[in-house]
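Data first, discussion second: the structure below is written as structure tokens.
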Amino acid sequence: ELTKYTNKCLVNVGGKPAISHIIEHYPKKSEYVITLGYFGDYVRQFLKMAYPKRNFTFVWVDNYEGEGSSLGYSMSLAKKHLQCPFIYHACDTIISKKDVIPNNEENLKMVKLMKKHIEENWCLYAKSNDNSQYATLNIEDDNLKNIESKGSLNLKCAYIGVSFIKDYSLFWKSLDTLNKSKAISDTQVINKMLESSNFKCLEVKL
């Protein structure tokens, strides 16, 4: 019911919309590519009003629900704007201010002190005992082996929907090779990338 008349990223969490927690986690000089679908104009209007000095590129998604729609399809529409390494951040993923996102310009010094891996692809995860609603990371020595679908009972590392794509050309190539008739997500693209690339896994605290 919370999203019957608005986009889920505009749902109030802790006194402000969920997307505000995301926008404010990144440096003010960041460039944001925002895909707009369900009540997309509400999202666009809010961001332009609340953050007039931030650099937003809005990408309209023509098919955001029903047959042929998927996260992968929506992301594919942003391809021309993301011909560089980028951070993918799901619109409903809120991270504590205590958690430092690697490759975040203002935090590079802190990241190095924390010995975070910033020179290769990575995924963020949180430890969870109930992953019925989350994809999970199969990890070995901080390296990602694969991402399991929602509902895995064997793995405890829940993928939170934030990843850094250094190998962006491989990302788009992998997305293009997947079956567009199915509901493609970022996790399936990453699994495809793992055939020829590596991802580090970094933990955030709940």
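Each chain in the structure tokens gets a letter, A, B, ..., in the order shown, and its residues are numbered from 1; ligands are numbered from 1 in order too.
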
Range 31-142 of chain A residues near range 171-189 of chain A within 9 Å, closest pair each, using only C-alpha atoms, as JSON lines:
```
{"residue": "A:Glu67", "atom": "CA", "partner": "A:Ser181", "partner_atom": "CA", "distance": 8.2}
{"residue": "A:Gly68", "atom": "CA", "partner": "A:Ser181", "partner_atom": "CA", "distance": 6.0}
{"residue": "A:Ser69", "atom": "CA", "partner": "A:Ala183", "partner_atom": "CA", "distance": 6.9}
{"residue": "A:Ser70", "atom": "CA", "partner": "A:Ala183", "partner_atom": "CA", "distance": 4.9}
{"residue": "A:Leu71", "atom": "CA", "partner": "A:Ser185", "partner_atom": "CA", "distance": 5.0}
{"residue": "A:Gly72", "atom": "CA", "partner": "A:Ile184", "partner_atom": "CA", "distance": 4.8}
{"residue": "A:Tyr73", "atom": "CA", "partner": "A:Ile184", "partner_atom": "CA", "distance": 7.2}
{"residue": "A:Met75", "atom": "CA", "partner": "A:Asp186", "partner_atom": "CA", "distance": 8.6}
{"residue": "A:Ser76", "atom": "CA", "partner": "A:Trp172", "partner_atom": "CA", "distance": 7.7}
{"residue": "A:Lys79", "atom": "CA", "partner": "A:Trp172", "partner_atom": "CA", "distance": 7.3}
{"residue": "A:Tyr88", "atom": "CA", "partner": "A:Asp186", "partner_atom": "CA", "distance": 8.7}
{"residue": "A:Ala135", "atom": "CA", "partner": "A:Thr187", "partner_atom": "CA", "distance": 8.0}
```

Output of the above residues as a tab-separated table (two decimals), in the first residue's frame, restricted to C-alpha atoms:
```tsv
chain	number	residue	atom	x	y	z
A	67	GLU	CA	5.89	-8.47	-20.14
A	68	GLY	CA	9.35	-7.49	-21.34
A	69	SER	CA	10.13	-5.29	-18.37
A	70	SER	CA	13.02	-6.02	-16.03
A	71	LEU	CA	15.80	-4.34	-14.12
A	72	GLY	CA	18.17	-5.41	-16.86
A	73	TYR	CA	16.03	-3.75	-19.52
A	75	MET	CA	19.62	-0.51	-17.03
A	76	SER	CA	20.21	-1.14	-20.73
A	79	LYS	CA	24.06	2.30	-21.35
A	88	TYR	CA	25.12	0.56	-9.18
A	135	ALA	CA	19.88	-12.91	-3.27
```

Looking only at the backbone, which of the residues in range 4-52 of chain A does DSSP tag as strand (DSSP E), as a VMD selection string?
-> chain A and resid 12 to 13 16 to 17 31 to 36

Residues at most 6 Å from Thr35 in chain A, counting only C-alpha atoms, excluding those fewer than 5 positions away in the same chain, as a ChimeraX atom specification?
-> /A:58-60

Using C-alpha atoms, can you write the selected residues to a file as a PDB file, in the first residue's frame?
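Once written, part_36.pdb looks like this:
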```
ATOM      1  CA  PHE A  58      17.340  11.076 -16.098  1.00  0.00           C
ATOM      2  CA  VAL A  59      16.598   8.075 -18.303  1.00  0.00           C
ATOM      3  CA  TRP A  60      12.957   7.337 -19.066  1.00  0.00           C
TER       4      TRP A  60
END
```

Wanna dump the range 13-67 of chain A-range 82-85 of chain A contacts at 12 Å for me, each residue with its shortest atom pair and the distance in Å to one decimal, counting only C-alpha atoms, ordered by chain and number, as a tab-separated table?
```
residue	atom	partner	partner_atom	distance
A:Glu31	CA	A:Leu82	CA	10.3
A:Tyr32	CA	A:Leu82	CA	9.9
A:Val33	CA	A:Leu82	CA	8.0
A:Ile34	CA	A:Leu82	CA	11.1
A:Thr57	CA	A:Leu82	CA	10.6
A:Val59	CA	A:Leu82	CA	11.5
```

Would you export the selected residues with C-alpha atoms as an mmCIF file, in the first residue's frame, please?
```cif
data_model
loop_
_atom_site.group_PDB
_atom_site.id
_atom_site.type_symbol
_atom_site.label_atom_id
_atom_site.label_comp_id
_atom_site.auth_asym_id
_atom_site.auth_seq_id
_atom_site.Cartn_x
_atom_site.Cartn_y
_atom_site.Cartn_z
ATOM 1 C CA GLU A 31 27.160 12.271 -11.359
ATOM 2 C CA TYR A 32 23.921 10.326 -10.987
ATOM 3 C CA VAL A 33 22.126 8.392 -13.714
ATOM 4 C CA ILE A 34 18.543 7.795 -12.591
ATOM 5 C CA THR A 57 20.846 12.497 -15.836
ATOM 6 C CA VAL A 59 16.598 8.075 -18.303
#
```

Which of these residues is nearest to Tyr168 in chain A, using only C-alpha atoms: A:Lys98, A:Lys8, A:His81, A:Lys53?
-> A:His81

With a distance cut-off of 12 Å and only C-alpha atoms, select the neighbouring residues of Val204 in chain A, excluding the residue or stretch itself and same-chain residues fewer than 6 positions from it, and output the selection as an NGL selection string.
-> :A and (93-102 or 116 or 123-128 or 157-162)

Store the residues picked out above, limited to C-alpha atoms, as a PDB file, in the first residue's frame.
```pdb
ATOM      1  CA  THR A  93      19.065   0.245  -0.400  1.00  0.00           C
ATOM      2  CA  ILE A  94      19.943   2.433   2.573  1.00  0.00           C
ATOM      3  CA  ILE A  95      23.423   2.118   4.055  1.00  0.00           C
ATOM      4  CA  SER A  96      24.504   3.371   7.462  1.00  0.00           C
ATOM      5  CA  LYS A  97      26.573   6.555   7.448  1.00  0.00           C
ATOM      6  CA  LYS A  98      29.217   4.551   9.305  1.00  0.00           C
ATOM      7  CA  ASP A  99      29.746   2.362   6.252  1.00  0.00           C
ATOM      8  CA  VAL A 100      32.164   3.748   3.699  1.00  0.00           C
ATOM      9  CA  ILE A 101      31.434   3.041   0.055  1.00  0.00           C
ATOM     10  CA  PRO A 102      34.678   2.312  -1.798  1.00  0.00           C
ATOM     11  CA  LYS A 116      39.142  -1.782   1.127  1.00  0.00           C
ATOM     12  CA  CYS A 123      29.672  -6.243  -4.327  1.00  0.00           C
ATOM     13  CA  LEU A 124      28.432  -5.216  -0.888  1.00  0.00           C
ATOM     14  CA  TYR A 125      26.697  -7.650   1.438  1.00  0.00           C
ATOM     15  CA  ALA A 126      25.349  -7.916   4.975  1.00  0.00           C
ATOM     16  CA  LYS A 127      25.229 -10.987   7.180  1.00  0.00           C
ATOM     17  CA  SER A 128      21.674 -12.275   7.602  1.00  0.00           C
ATOM     18  CA  CYS A 157      25.674 -13.139   2.995  1.00  0.00           C
ATOM     19  CA  ALA A 158      22.748 -11.142   1.617  1.00  0.00           C
ATOM     20  CA  TYR A 159      23.494  -9.055  -1.467  1.00  0.00           C
ATOM     21  CA  ILE A 160      22.210  -5.562  -0.717  1.00  0.00           C
ATOM     22  CA  GLY A 161      21.996  -4.218  -4.259  1.00  0.00           C
ATOM     23  CA  VAL A 162      25.165  -2.116  -4.368  1.00  0.00           C
TER      24      VAL A 162
END
```

What lies within 9 Å of Leu153 in chain A using only C-alpha atoms, ignoring chain neighbours under 4 positions off, as a ChimeraX atom specification?
-> /A:129-132

Convert the current residue selection to file output with all heavy atoms, as a PDB file, in the first residue's frame.
```
ATOM      1  N   ASN A 129      20.476 -14.005   8.779  1.00  0.00           N
ATOM      2  CA  ASN A 129      20.037 -15.383   9.036  1.00  0.00           C
ATOM      3  C   ASN A 129      18.764 -15.731   8.284  1.00  0.00           C
ATOM      4  O   ASN A 129      18.342 -16.885   8.265  1.00  0.00           O
ATOM      5  CB  ASN A 129      19.819 -15.577  10.549  1.00  0.00           C
ATOM      6  CG  ASN A 129      21.125 -15.563  11.325  1.00  0.00           C
ATOM      7  OD1 ASN A 129      22.133 -16.106  10.870  1.00  0.00           O
ATOM      8  ND2 ASN A 129      21.118 -14.919  12.491  1.00  0.00           N
ATOM      9  N   ASP A 130      18.131 -14.729   7.682  1.00  0.00           N
ATOM     10  CA  ASP A 130      16.910 -14.972   6.916  1.00  0.00           C
ATOM     11  C   ASP A 130      17.060 -14.327   5.539  1.00  0.00           C
ATOM     12  O   ASP A 130      16.892 -13.121   5.382  1.00  0.00           O
ATOM     13  CB  ASP A 130      15.698 -14.384   7.633  1.00  0.00           C
ATOM     14  CG  ASP A 130      14.401 -14.615   6.846  1.00  0.00           C
ATOM     15  OD1 ASP A 130      14.433 -15.375   5.848  1.00  0.00           O
ATOM     16  OD2 ASP A 130      13.372 -14.026   7.217  1.00  0.00           O
ATOM     17  N   ASN A 131      17.385 -15.124   4.553  1.00  0.00           N
ATOM     18  CA  ASN A 131      17.592 -14.609   3.207  1.00  0.00           C
ATOM     19  C   ASN A 131      16.475 -15.005   2.246  1.00  0.00           C
ATOM     20  O   ASN A 131      16.700 -15.115   1.044  1.00  0.00           O
ATOM     21  CB  ASN A 131      18.945 -15.105   2.676  1.00  0.00           C
ATOM     22  CG  ASN A 131      20.101 -14.409   3.371  1.00  0.00           C
ATOM     23  OD1 ASN A 131      20.051 -13.207   3.602  1.00  0.00           O
ATOM     24  ND2 ASN A 131      21.133 -15.154   3.723  1.00  0.00           N
ATOM     25  N   SER A 132      15.288 -15.201   2.800  1.00  0.00           N
ATOM     26  CA  SER A 132      14.157 -15.602   1.958  1.00  0.00           C
ATOM     27  C   SER A 132      13.809 -14.520   0.934  1.00  0.00           C
ATOM     28  O   SER A 132      13.250 -14.823  -0.122  1.00  0.00           O
ATOM     29  CB  SER A 132      12.936 -15.907   2.830  1.00  0.00           C
ATOM     30  OG  SER A 132      12.580 -14.776   3.611  1.00  0.00           O
TER      31      SER A 132
END
```

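Here the question is which of A:Lys4, A:Lys16, A:Lys156, A:His25 gets nearest to Ala50 in chain A using only C-alpha atoms, and that residue is A:Lys16.
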
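Distance-wise, CA of Asn143 in chain A and CA of Glu203 in chain A end up 11.9 Å apart.
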
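Of note, CA of Lys192 in chain A and CA of Gln133 in chain A are spaced 21.9 Å apart.
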